[in-house]
file final-v7.pdb (PDB, C-alpha atoms)
ATOM      1  CA  THR S   1     119.580 131.815 181.631
ATOM      2  CA  THR S   2     121.841 128.956 180.628
ATOM      3  CA  SER S   3     123.887 129.184 183.835
ATOM      4  CA  GLY S   4     120.755 129.374 185.944
ATOM      5  CA  THR S   5     119.291 126.295 184.356
ATOM      6  CA  ALA S   6     122.554 124.390 184.664
ATOM      7  CA  SER S   7     123.049 125.502 188.270
ATOM      8  CA  SER S   8     119.610 124.178 189.178
ATOM      9  CA  CYS S   9     121.044 120.698 188.530
ATOM     10  CA  GLU S  10     123.815 121.244 191.106
ATOM     11  CA  ILE S  11     121.625 120.108 193.980
ATOM     12  CA  LEU S  12     121.695 116.670 192.384
ATOM     13  CA  SER S  13     124.523 114.177 192.131
ATOM     14  CA  GLY S  14     125.542 111.177 190.070
ATOM     15  CA  THR S  15     123.505 110.110 187.056
ATOM     16  CA  PRO S  16     120.418 112.185 188.010
ATOM     17  CA  LYS S  17     122.596 115.311 187.839
ATOM     18  CA  GLU S  18     124.029 114.337 184.454
ATOM     19  CA  GLN S  19     120.555 113.592 183.117
ATOM     20  CA  CYS S  20     119.359 116.952 184.404
ATOM     21  CA  ILE S  21     122.188 118.742 182.575
ATOM     22  CA  THR S  22     121.438 116.757 179.417
ATOM     23  CA  ASP S  23     117.808 117.857 179.587
ATOM     24  CA  ALA S  24     118.922 121.469 180.100
ATOM     25  CA  ALA S  25     121.280 121.261 177.116
ATOM     26  CA  ARG S  26     118.472 119.957 174.928
ATOM     27  CA  GLY S  27     115.965 122.506 176.181
ATOM     28  CA  LEU S  28     118.347 125.397 175.573
ATOM     29  CA  LYS S  29     119.857 123.798 172.439
ATOM     30  CA  ASP S  30     123.235 124.481 174.006
ATOM     31  CA  PRO S  31     125.800 121.702 173.393
ATOM     32  CA  SER S  32     128.410 123.448 175.539
ATOM     33  CA  LEU S  33     126.583 122.143 178.616
ATOM     34  CA  CYS S  34     127.471 118.585 177.564
ATOM     35  CA  ALA S  35     131.224 119.180 177.913
ATOM     36  CA  GLY S  36     131.328 118.722 181.690
ATOM     37  CA  LEU S  37     129.522 115.393 181.793
ATOM     38  CA  LYS S  38     131.766 112.554 182.944
ATOM     39  CA  ILE S  39     129.735 109.512 183.968
ATOM     40  CA  THR S  40     129.741 106.406 181.807
ATOM     41  CA  THR S  41     127.652 103.400 182.809
ATOM     42  CA  ASP S  42     127.176 100.040 181.110
ATOM     43  CA  ALA S  43     124.087 101.491 179.487
ATOM     44  CA  LEU S  44     125.075 105.081 178.726
ATOM     45  CA  ASP S  45     127.936 107.494 178.116
ATOM     46  CA  TYR S  46     126.269 110.705 179.301
ATOM     47  CA  ARG S  47     128.644 113.144 177.597
ATOM     48  CA  ASN S  48     128.416 111.599 174.142
ATOM     49  CA  ASN S  49     124.703 110.914 174.515
ATOM     50  CA  CYS S  50     124.132 114.571 175.369
ATOM     51  CA  TYR S  51     126.016 115.748 172.272
ATOM     52  CA  THR S  52     124.102 113.270 170.114
ATOM     53  CA  LEU S  53     120.688 114.364 171.357
ATOM     54  CA  VAL S  54     121.455 118.076 171.001
ATOM     55  CA  ALA S  55     122.891 117.510 167.509
ATOM     56  CA  ILE S  56     119.715 115.710 166.418
ATOM     57  CA  ASP S  57     117.498 118.332 168.052
ATOM     58  CA  THR S  58     119.335 121.192 166.338
ATOM     59  CA  ASN S  59     120.116 119.405 163.050
ATOM     60  CA  LYS S  60     123.806 120.311 163.349
ATOM     61  CA  THR S  61     126.501 117.808 162.405
ATOM     62  CA  VAL S  62     129.159 120.092 163.910
ATOM     63  CA  THR S  63     127.873 119.157 167.366
ATOM     64  CA  CYS S  64     128.497 115.480 166.582
ATOM     65  CA  LEU S  65     132.185 116.309 166.110
ATOM     66  CA  GLU S  66     132.487 116.886 169.877
ATOM     67  CA  ILE S  67     131.855 113.179 170.473
ATOM     68  CA  ASN S  68     135.118 111.421 171.374
ATOM     69  CA  PHE S  69     134.279 107.897 170.192
ATOM     70  CA  THR S  70     134.470 107.365 166.440
ATOM     71  CA  GLU S  71     131.624 104.869 166.188
ATOM     72  CA  VAL S  72     129.246 107.029 168.217
ATOM     73  CA  ARG S  73     130.363 110.162 166.359
ATOM     74  CA  ASP S  74     129.770 108.498 162.988
ATOM     75  CA  SER S  75     126.324 107.318 164.067
ATOM     76  CA  CYS S  76     125.392 110.827 165.186
ATOM     77  CA  ILE S  77     126.551 112.375 161.900
ATOM     78  CA  ASN S  78     124.687 109.729 159.923
ATOM     79  CA  VAL S  79     121.388 110.396 161.685
ATOM     80  CA  VAL S  80     121.631 114.178 161.358
ATOM     81  CA  SER S  81     122.825 114.073 157.744
ATOM     82  CA  SER S  82     120.298 111.469 156.601
ATOM     83  CA  ASN S  83     117.404 113.223 158.304
ATOM     84  CA  ASN S  84     118.314 116.604 156.836
ATOM     85  CA  LEU S  85     119.701 115.418 153.475
ATOM     86  CA  LEU S  86     123.158 116.854 154.108
ATOM     87  CA  GLU S  87     125.587 115.450 151.561
ATOM     88  CA  GLY S  88     128.508 117.304 153.145
ATOM     89  CA  GLY S  89     127.674 115.837 156.526
ATOM     90  CA  CYS S  90     127.884 112.296 155.177
ATOM     91  CA  LEU S  91     131.411 112.988 153.985
ATOM     92  CA  LEU S  92     132.476 113.629 157.612
ATOM     93  CA  ILE S  93     131.763 109.992 158.544
ATOM     94  CA  SER S  94     134.906 107.882 159.077
ATOM     95  CA  ASP S  95     133.402 104.446 158.473
ATOM     96  CA  ILE S  96     133.207 103.828 154.712
ATOM     97  CA  THR S  97     130.124 101.602 154.829
ATOM     98  CA  LEU S  98     128.141 104.034 156.970
ATOM     99  CA  LYS S  99     129.341 106.998 154.881
ATOM    100  CA  GLU S 100     128.077 105.357 151.698
ATOM    101  CA  THR S 101     124.777 104.376 153.342
ATOM    102  CA  CYS S 102     124.364 108.006 154.352
ATOM    103  CA  LEU S 103     125.164 109.280 150.840
ATOM    104  CA  SER S 104     122.662 106.823 149.363
ATOM    105  CA  ALA S 105     119.927 108.038 151.701
ATOM    106  CA  VAL S 106     120.679 111.662 150.827
ATOM    107  CA  ALA S 107     120.765 110.934 147.079
ATOM    108  CA  THR S 108     117.368 109.230 147.308
ATOM    109  CA  GLY S 109     115.899 112.002 149.425
ATOM    110  CA  LEU S 110     117.143 114.698 147.057
ATOM    111  CA  LYS S 111     116.299 112.571 143.990
ATOM    112  CA  ASN S 112     119.827 113.243 142.807
ATOM    113  CA  SER S 113     121.655 110.214 141.417
ATOM    114  CA  ALA S 114     124.806 112.283 140.828
ATOM    115  CA  ILE S 115     125.558 111.951 144.553
ATOM    116  CA  CYS S 116     125.756 108.179 144.061
ATOM    117  CA  GLU S 117     128.943 108.637 142.050
ATOM    118  CA  LYS S 118     130.749 109.397 145.317
ATOM    119  CA  ILE S 119     130.050 105.805 146.406
ATOM    120  CA  THR S 120     132.779 103.317 145.517
ATOM    121  CA  THR S 121     131.209 100.074 146.727
ATOM    122  CA  LYS S 122     129.477  98.632 143.650
ATOM    123  CA  ALA S 123     126.410  97.177 145.374
ATOM    124  CA  THR S 124     125.731 100.345 147.371
ATOM    125  CA  HIS S 125     126.383 102.513 144.305
ATOM    126  CA  ASP S 126     123.915 100.532 142.201
ATOM    127  CA  GLU S 127     121.242 100.492 144.893
ATOM    128  CA  CYS S 128     121.696 104.242 145.326
ATOM    129  CA  ILE S 129     121.132 104.914 141.628
ATOM    130  CA  LYS S 130     118.098 102.640 141.579
ATOM    131  CA  ASN S 131     116.465 104.281 144.579
ATOM    132  CA  SER S 132     117.186 107.848 143.475
ATOM    133  CA  ALA S 133     116.008 107.137 139.909
ATOM    134  CA  VAL S 134     112.725 105.688 141.144
ATOM    135  CA  ALA S 135     112.267 108.494 143.683
ATOM    136  CA  ALA S 136     112.706 111.054 140.909
ATOM    137  CA  GLY S 137     110.476 109.169 138.469
ATOM    138  CA  ASN S 138     113.163 109.509 135.811
ATOM    139  CA  SER S 139     113.309 107.907 132.376
ATOM    140  CA  SER S 140     114.859 104.463 132.039
ATOM    141  CA  ALA S 141     118.162 106.107 131.109
ATOM    142  CA  ALA S 142     118.623 106.867 134.814
ATOM    143  CA  CYS S 143     118.974 103.121 135.456
ATOM    144  CA  ASP S 144     121.535 102.553 132.708
ATOM    145  CA  PRO S 145     124.666 103.409 134.795
ATOM    146  CA  ILE S 146     123.899 100.548 137.193
ATOM    147  CA  ILE S 147     126.649  97.928 136.870
ATOM    148  CA  ASP S 148     124.929  94.856 138.294
ATOM    149  CA  ALA S 149     122.390  93.420 135.826
ATOM    150  CA  THR S 150     119.987  92.216 138.526
ATOM    151  CA  THR S 151     119.865  95.610 140.236
ATOM    152  CA  ARG S 152     119.562  97.360 136.869
ATOM    153  CA  ASP S 153     116.590  95.161 135.992
ATOM    154  CA  ALA S 154     115.023  95.896 139.380
ATOM    155  CA  CYS S 155     115.447  99.598 138.635
ATOM    156  CA  TYR S 156     113.740  99.220 135.261
ATOM    157  CA  SER S 157     110.942  97.234 136.889
ATOM    158  CA  ASP S 158     110.304  99.693 139.731
ATOM    159  CA  LEU S 159     110.417 102.633 137.335
ATOM    160  CA  SER S 160     108.146 101.030 134.738
ATOM    161  CA  ILE S 161     105.561 100.149 137.377
ATOM    162  CA  LEU S 162     105.756 103.652 138.852
ATOM    163  CA  LEU S 163     105.264 105.264 135.427
ATOM    164  CA  THR S 164     103.053 102.481 133.999
ATOM    165  CA  ASP S 165     105.424 102.381 131.034
ATOM    166  CA  LYS S 166     105.599  99.154 129.024
ATOM    167  CA  THR S 167     108.684 100.277 127.077
ATOM    168  CA  ILE S 168     110.776 100.321 130.257
ATOM    169  CA  CYS S 169     109.498  96.898 131.270
ATOM    170  CA  ASP S 170     110.586  95.569 127.897
ATOM    171  CA  LYS S 171     114.218  96.471 128.700
ATOM    172  CA  ILE S 172     114.393  93.935 131.532
ATOM    173  CA  VAL S 173     116.654  90.958 130.830
ATOM    174  CA  THR S 174     116.068  88.752 133.880
ATOM    175  CA  GLN S 175     112.990  86.740 132.958
ATOM    176  CA  SER S 176     111.498  86.364 136.433
ATOM    177  CA  GLU S 177     111.796  90.125 137.012
ATOM    178  CA  LYS S 178     110.310  90.811 133.587
ATOM    179  CA  ASN S 179     107.360  88.492 134.243
ATOM    180  CA  GLU S 180     106.501  90.357 137.440
ATOM    181  CA  CYS S 181     106.800  93.683 135.648
ATOM    182  CA  VAL S 182     104.627  92.546 132.736
ATOM    183  CA  VAL S 183     101.857  91.370 135.069
ATOM    184  CA  SER S 184     101.955  94.616 137.078
ATOM    185  CA  ILE S 185     101.742  96.794 133.974
ATOM    186  CA  ALA S 186      99.169  94.620 132.187
ATOM    187  CA  THR S 187      96.812  94.531 135.167
ATOM    188  CA  ALA S 188      97.269  98.235 135.858
ATOM    189  CA  LEU S 189      96.332  99.071 132.269
ATOM    190  CA  ASN S 190      93.823  96.212 131.852
ATOM    191  CA  ASP S 191      95.833  95.314 128.764
ATOM    192  CA  TRP S 192      95.280  91.577 128.435
ATOM    193  CA  GLN S 193      97.393  91.364 125.289
ATOM    194  CA  TYR S 194     100.413  92.523 127.263
ATOM    195  CA  CYS S 195      99.983  89.458 129.518
ATOM    196  CA  LEU S 196     101.132  87.430 126.512
ATOM    197  CA  LYS S 197     104.614  88.938 126.992
ATOM    198  CA  VAL S 198     105.090  86.655 129.994
ATOM    199  CA  SER S 199     107.705  83.972 129.366
ATOM    200  CA  SER S 200     106.315  80.877 127.623
ATOM    201  CA  SER S 201     107.958  78.808 130.363
ATOM    202  CA  ARG S 202     105.478  80.268 132.894
ATOM    203  CA  PRO S 203     101.985  79.739 131.436
ATOM    204  CA  ASP S 204     100.596  79.799 134.979
ATOM    205  CA  ILE S 205     101.667  83.430 135.424
ATOM    206  CA  GLU S 206     100.287  84.382 132.014
ATOM    207  CA  GLN S 207      96.947  82.729 132.738
ATOM    208  CA  ASP S 208      96.680  84.377 136.161
ATOM    209  CA  CYS S 209      97.338  87.725 134.478
ATOM    210  CA  LEU S 210      94.608  87.133 131.895
ATOM    211  CA  THR S 211      92.129  85.932 134.524
ATOM    212  CA  THR S 212      92.812  88.953 136.739
ATOM    213  CA  ILE S 213      92.005  91.334 133.901
ATOM    214  CA  ALA S 214      88.866  89.401 132.998
ATOM    215  CA  GLY S 215      87.790  89.688 136.621
ATOM    216  CA  LYS S 216      88.497  93.416 136.674
ATOM    217  CA  THR S 217      86.816  94.285 133.395
ATOM    218  CA  GLY S 218      84.091  91.692 132.980
ATOM    219  CA  SER S 219      85.397  90.972 129.488
ATOM    220  CA  THR S 220      85.832  87.397 128.266
ATOM    221  CA  LYS S 221      88.362  88.426 125.625
ATOM    222  CA  PRO S 222      91.377  87.587 127.858
ATOM    223  CA  CYS S 223      89.937  84.119 128.516
ATOM    224  CA  GLU S 224      90.104  83.179 124.845
ATOM    225  CA  SER S 225      93.907  83.048 125.084
ATOM    226  CA  ILE S 226      93.946  80.528 127.932
ATOM    227  CA  PRO S 227      94.560  76.969 126.660
ATOM    228  CA  ASP S 228      94.084  75.128 129.951
ATOM    229  CA  GLN S 229      90.381  74.271 130.162
ATOM    230  CA  THR S 230      90.071  74.510 133.942
ATOM    231  CA  ASN S 231      91.732  77.928 134.012
ATOM    232  CA  LYS S 232      89.678  79.036 131.020
ATOM    233  CA  GLY S 233      86.478  78.152 132.888
ATOM    234  CA  LEU S 234      87.626  80.059 135.959
ATOM    235  CA  CYS S 235      88.434  83.063 133.789
ATOM    236  CA  TYR S 236      84.959  83.095 132.240
ATOM    237  CA  ALA S 237      83.396  82.739 135.683
ATOM    238  CA  LYS S 238      85.274  85.771 137.017
ATOM    239  CA  ALA S 239      84.256  87.812 133.992
ATOM    240  CA  GLY S 240      80.642  86.755 134.461
ATOM    241  CA  LEU S 241      80.606  87.608 138.157
ATOM    242  CA  THR S 242      82.022  91.061 137.459
ATOM    243  CA  SER S 243      79.565  91.775 134.650
ATOM    244  CA  SER S 244      76.679  90.125 136.546
ATOM    245  CA  ASP S 245      76.103  87.922 133.509
ATOM    246  CA  PHE S 246      75.241  84.661 135.237
ATOM    247  CA  ASP S 247      74.391  82.935 131.971
ATOM    248  CA  LEU S 248      77.804  83.655 130.532
ATOM    249  CA  CYS S 249      79.043  80.113 131.199
ATOM    250  CA  SER S 250      76.731  78.793 128.503
ATOM    251  CA  SER S 251      78.787  80.705 125.949
ATOM    252  CA  VAL S 252      82.087  79.119 126.965
ATOM    253  CA  PRO S 253      83.375  77.389 123.830
ATOM    254  CA  LEU S 254      83.513  73.612 123.921
ATOM    255  CA  LYS S 255      86.824  71.922 123.289
ATOM    256  CA  GLN S 256      86.900  70.046 119.980
ATOM    257  CA  VAL S 257      87.540  66.523 121.311
ATOM    258  CA  LYS S 258      85.574  63.279 121.251
ATOM    259  CA  ASP S 259      85.433  62.857 125.020
ATOM    260  CA  GLN S 260      82.363  64.870 126.039
ATOM    261  CA  ASN S 261      83.518  65.318 129.631
ATOM    262  CA  ASP S 262      86.764  66.835 128.411
ATOM    263  CA  ALA S 263      84.912  68.897 125.825
ATOM    264  CA  HIS S 264      82.695  70.456 128.521
ATOM    265  CA  LEU S 265      85.431  70.892 131.147
ATOM    266  CA  ALA S 266      85.851  74.669 130.730
ATOM    267  CA  ARG S 267      82.084  75.267 130.683
ATOM    268  CA  ASP S 268      81.492  73.010 133.686
ATOM    269  CA  THR S 269      84.291  74.715 135.605
ATOM    270  CA  CYS S 270      82.719  78.079 134.885
ATOM    271  CA  TRP S 271      79.345  76.962 136.251
ATOM    272  CA  ASN S 272      81.101  75.509 139.300
ATOM    273  CA  TYR S 273      82.635  78.881 140.187
ATOM    274  CA  MET S 274      79.529  80.950 139.442
TER
END

call {"tool": "encode", "arguments": {"input": "final-v7.pdb", "output": "structure tokens"}}
result
Amino acid sequence: TTSGTASSCEILSGTPKEQCITDAARGLKDPSLCAGLKITTDALDYRNNCYTLVAIDTNKTVTCLEINFTEVRDSCINVVSSNNLLEGGCLLISDITLKETCLSAVATGLKNSAICEKITTKATHDECIKNSAVAAGNSSAACDPIIDATTRDACYSDLSILLTDKTICDKIVTQSEKNECVVSIATALNDWQYCLKVSSSRPDIEQDCLTTIAGKTGSTKPCESIPDQTNKGLCYAKAGLTSSDFDLCSSVPLKQVKDQNDAHLARDTCWNYM
């Protein structure tokens, strides 16, 4: 029985006794046993720790309400509510920041961005919508309510990559974010033409994208769009290695210039990497 288990701890004293009662409370899932605990050390408040452990074990936020320190009580409610996706539990938290963190975790877990509307802090609200939208695999419209442009773009990017959807990627405004999205989608689809959507100010990223696809597919078609002769040669080499066409370098087009070394640079680079 509960009393029998608790009474077995009576032969002990001090912290061993309080730990024994805590273990009994957890084993019996009986938070009432925590009420009589009184010892607080530098490391542990046995009463509040007991309530916290039983609350987590039983998934009951109501047990957290017995804790007499606000910070510890809030932490207990947050853990139980986040773990069990209890929106109502989050609302019992006194600290605004922790309450909103809890609501965001629940919204993401339930894939329900409507819960995010209970969050007033803009940054947390936006991050909540982004995470819940991506978790749900929603359309890009789910990202539209996000206020901050950077977070909204990150939402579009994560969602487009998840769904392999170029149309969502195209909605991104921040160029660096869009470049990353374009490369992810292009390489996932082996769509070398989509690499050309990379900003003209970052030819290095575009060329890496084209070379990656050539290396994956064994096709030299992506290489034809690379102007830099060294990178063009590398691209052809990767395509040749993938297709096991070790004579492919001989087909690398020569650059139309008078200097023969420069004219053969792409072809020579290809042979060098083969």

call {"tool": "resolve_selection", "arguments": {"input": "final-v7.pdb", "expression": "the PyMOL selection byres ((chain S and resi 38-47) around 12)", "output": "JSON, numbers by chain"}}
result
{"S": [13, 14, 15, 16, 17, 18, 19, 20, 21, 22, 23, 25, 31, 32, 33, 34, 35, 36, 37, 48, 49, 50, 51, 52, 53, 54, 63, 64, 66, 67, 68, 69, 72, 73]}

call {"tool": "write_last_selection", "arguments": {"input": "final-v7.pdb", "atoms": "C-alpha atoms", "output": "PDB file, keeping the file's coordinate frame"}}
result
ATOM      1  CA  SER S  13     124.523 114.177 192.131  1.00  0.00           C
ATOM      2  CA  GLY S  14     125.542 111.177 190.070  1.00  0.00           C
ATOM      3  CA  THR S  15     123.505 110.110 187.056  1.00  0.00           C
ATOM      4  CA  PRO S  16     120.418 112.185 188.010  1.00  0.00           C
ATOM      5  CA  LYS S  17     122.596 115.311 187.839  1.00  0.00           C
ATOM      6  CA  GLU S  18     124.029 114.337 184.454  1.00  0.00           C
ATOM      7  CA  GLN S  19     120.555 113.592 183.117  1.00  0.00           C
ATOM      8  CA  CYS S  20     119.359 116.952 184.404  1.00  0.00           C
ATOM      9  CA  ILE S  21     122.188 118.742 182.575  1.00  0.00           C
ATOM     10  CA  THR S  22     121.438 116.757 179.417  1.00  0.00           C
ATOM     11  CA  ASP S  23     117.808 117.857 179.587  1.00  0.00           C
ATOM     12  CA  ALA S  25     121.280 121.261 177.116  1.00  0.00           C
ATOM     13  CA  PRO S  31     125.800 121.702 173.393  1.00  0.00           C
ATOM     14  CA  SER S  32     128.410 123.448 175.539  1.00  0.00           C
ATOM     15  CA  LEU S  33     126.583 122.143 178.616  1.00  0.00           C
ATOM     16  CA  CYS S  34     127.471 118.585 177.564  1.00  0.00           C
ATOM     17  CA  ALA S  35     131.224 119.180 177.913  1.00  0.00           C
ATOM     18  CA  GLY S  36     131.328 118.722 181.690  1.00  0.00           C
ATOM     19  CA  LEU S  37     129.522 115.393 181.793  1.00  0.00           C
ATOM     20  CA  ASN S  48     128.416 111.599 174.142  1.00  0.00           C
ATOM     21  CA  ASN S  49     124.703 110.914 174.515  1.00  0.00           C
ATOM     22  CA  CYS S  50     124.132 114.571 175.369  1.00  0.00           C
ATOM     23  CA  TYR S  51     126.016 115.748 172.272  1.00  0.00           C
ATOM     24  CA  THR S  52     124.102 113.270 170.114  1.00  0.00           C
ATOM     25  CA  LEU S  53     120.688 114.364 171.357  1.00  0.00           C
ATOM     26  CA  VAL S  54     121.455 118.076 171.001  1.00  0.00           C
ATOM     27  CA  THR S  63     127.873 119.157 167.366  1.00  0.00           C
ATOM     28  CA  CYS S  64     128.497 115.480 166.582  1.00  0.00           C
ATOM     29  CA  GLU S  66     132.487 116.886 169.877  1.00  0.00           C
ATOM     30  CA  ILE S  67     131.855 113.179 170.473  1.00  0.00           C
ATOM     31  CA  ASN S  68     135.118 111.421 171.374  1.00  0.00           C
ATOM     32  CA  PHE S  69     134.279 107.897 170.192  1.00  0.00           C
ATOM     33  CA  VAL S  72     129.246 107.029 168.217  1.00  0.00           C
ATOM     34  CA  ARG S  73     130.363 110.162 166.359  1.00  0.00           C
TER      35      ARG S  73
END

call {"tool": "residues_around", "arguments": {"input": "final-v7.pdb", "residues": "region 87-104 of chain S", "least_positions_apart": "5", "cutoff": "7 Å", "atoms": "only C-alpha atoms", "output": "VMD selection string"}}
result
chain S and resid 61 74 77 to 78 81 to 82 115 to 116 119 128

call {"tool": "write_last_selection", "arguments": {"input": "final-v7.pdb", "atoms": "C-alpha atoms", "output": "compact mmCIF listing (two decimals), keeping the file's coordinate frame"}}
result
# COMPACT_ATOMS: atom_id res chain seq x y z
CA THR S 61 126.50 117.81 162.40
CA ASP S 74 129.77 108.50 162.99
CA ILE S 77 126.55 112.38 161.90
CA ASN S 78 124.69 109.73 159.92
CA SER S 81 122.82 114.07 157.74
CA SER S 82 120.30 111.47 156.60
CA ILE S 115 125.56 111.95 144.55
CA CYS S 116 125.76 108.18 144.06
CA ILE S 119 130.05 105.80 146.41
CA CYS S 128 121.70 104.24 145.33

call {"tool": "resolve_selection", "arguments": {"input": "final-v7.pdb", "expression": "the PyMOL selection byres ((chain S and resi 272) around 10)", "output": "PDB file with C-alpha atoms, keeping the file's coordinate frame"}}
result
ATOM      1  CA  GLY S 233      86.478  78.152 132.888  1.00  0.00           C
ATOM      2  CA  LEU S 234      87.626  80.059 135.959  1.00  0.00           C
ATOM      3  CA  ALA S 237      83.396  82.739 135.683  1.00  0.00           C
ATOM      4  CA  CYS S 249      79.043  80.113 131.199  1.00  0.00           C
ATOM      5  CA  ALA S 266      85.851  74.669 130.730  1.00  0.00           C
ATOM      6  CA  ARG S 267      82.084  75.267 130.683  1.00  0.00           C
ATOM      7  CA  ASP S 268      81.492  73.010 133.686  1.00  0.00           C
ATOM      8  CA  THR S 269      84.291  74.715 135.605  1.00  0.00           C
ATOM      9  CA  CYS S 270      82.719  78.079 134.885  1.00  0.00           C
ATOM     10  CA  TRP S 271      79.345  76.962 136.251  1.00  0.00           C
ATOM     11  CA  TYR S 273      82.635  78.881 140.187  1.00  0.00           C
ATOM     12  CA  MET S 274      79.529  80.950 139.442  1.00  0.00           C
TER      13      MET S 274
END

call {"tool": "atom_distance", "arguments": {"input": "final-v7.pdb", "atom1": "CA of Thr217 (chain S)", "atom2": "CA of Ser200 (chain S)"}}
result
24.4 Å

call {"tool": "closest_residue", "arguments": {"input": "final-v7.pdb", "among": "S:Arg26, S:Lys255, S:Lys216, S:Lys60", "to": "Thr187 (chain S)", "atoms": "all atoms listed in the file"}}
result
S:Lys216

call {"tool": "closest_atom_pairs", "arguments": {"input": "final-v7.pdb", "of": "region 163-242 of chain S", "to": "region 135-144 of chain S", "cutoff": "10 Å", "atoms": "all atoms listed in the file", "output": "tab-separated table"}}
result
residue	atom	partner	partner_atom	distance
S:Leu163	CA	S:Gly137	CA	7.2
S:Asp165	CA	S:Ser140	CA	9.7
S:Thr167	CA	S:Ser140	CA	9.0
S:Ile168	CA	S:Ser140	CA	6.1
S:Cys169	CA	S:Ser140	CA	9.3
S:Lys171	CA	S:Ser140	CA	8.7

call {"tool": "residues_around", "arguments": {"input": "final-v7.pdb", "residues": "Pro222 (chain S)", "least_positions_apart": "2", "cutoff": "12 Å", "atoms": "all atoms listed in the file", "output": "ChimeraX atom specification"}}
result
/S:186-187,190-196,206-220,224-227,231-236,238-239

call {"tool": "closest_residue", "arguments": {"input": "final-v7.pdb", "among": "S:Ser243, S:Ser184, S:Thr121, S:Asn179", "to": "Lys197 (chain S)", "atoms": "only C-alpha atoms"}}
result
S:Asn179

call {"tool": "closest_residue", "arguments": {"input": "final-v7.pdb", "among": "S:Ala188, S:Ile147, S:Val106, S:Val134", "to": "Lys122 (chain S)", "atoms": "only C-alpha atoms"}}
result
S:Ile147

call {"tool": "closest_residue", "arguments": {"input": "final-v7.pdb", "among": "S:Val62, S:Ala24, S:Ile56, S:Cys223", "to": "Val80 (chain S)", "atoms": "all atoms listed in the file"}}
result
S:Ile56

call {"tool": "resolve_selection", "arguments": {"input": "final-v7.pdb", "expression": "the PyMOL selection byres ((chain S and resi 130) around 9)", "output": "count of residues only"}}
result
22

call {"tool": "build_atoms", "arguments": {"input": "final-v7.pdb", "residues": "region 204-218 of chain S", "atoms": "N, CA and C atoms", "output": "short mmCIF file (atom, residue, chain, number, x, y, z; two decimals), keeping the file's coordinate frame"}}
result
data_model
loop_
_atom_site.label_atom_id
_atom_site.label_comp_id
_atom_site.auth_asym_id
_atom_site.auth_seq_id
_atom_site.Cartn_x
_atom_site.Cartn_y
_atom_site.Cartn_z
N ASP S 204 101.43 79.55 133.80
CA ASP S 204 100.60 79.80 134.98
C ASP S 204 100.51 81.29 135.28
N ILE S 205 101.65 82.00 135.16
CA ILE S 205 101.67 83.43 135.42
C ILE S 205 100.86 84.17 134.36
N GLU S 206 101.04 83.75 133.11
CA GLU S 206 100.29 84.38 132.01
C GLU S 206 98.78 84.21 132.22
N GLN S 207 98.37 83.00 132.57
CA GLN S 207 96.95 82.73 132.74
C GLN S 207 96.36 83.48 133.93
N ASP S 208 97.13 83.59 135.00
CA ASP S 208 96.68 84.38 136.16
C ASP S 208 96.49 85.84 135.77
N CYS S 209 97.40 86.34 134.95
CA CYS S 209 97.34 87.72 134.48
C CYS S 209 96.06 87.94 133.67
N LEU S 210 95.80 87.03 132.74
CA LEU S 210 94.61 87.13 131.90
C LEU S 210 93.33 87.04 132.73
N THR S 211 93.31 86.11 133.68
CA THR S 211 92.13 85.93 134.52
C THR S 211 91.88 87.16 135.39
N THR S 212 92.95 87.75 135.91
CA THR S 212 92.81 88.95 136.74
C THR S 212 92.14 90.07 135.96
N ILE S 213 92.57 90.26 134.73
CA ILE S 213 92.00 91.33 133.90
C ILE S 213 90.55 91.03 133.54
N ALA S 214 90.26 89.78 133.27
CA ALA S 214 88.87 89.40 133.00
C ALA S 214 87.99 89.71 134.21
N GLY S 215 88.52 89.41 135.39
CA GLY S 215 87.79 89.69 136.62
C GLY S 215 87.62 91.17 136.90
N LYS S 216 88.58 91.97 136.46
CA LYS S 216 88.50 93.42 136.67
C LYS S 216 87.55 94.09 135.69
N THR S 217 87.55 93.60 134.46
CA THR S 217 86.82 94.28 133.40
C THR S 217 85.47 93.66 133.04
N GLY S 218 85.30 92.39 133.36
CA GLY S 218 84.09 91.69 132.98
C GLY S 218 84.11 91.24 131.53
#
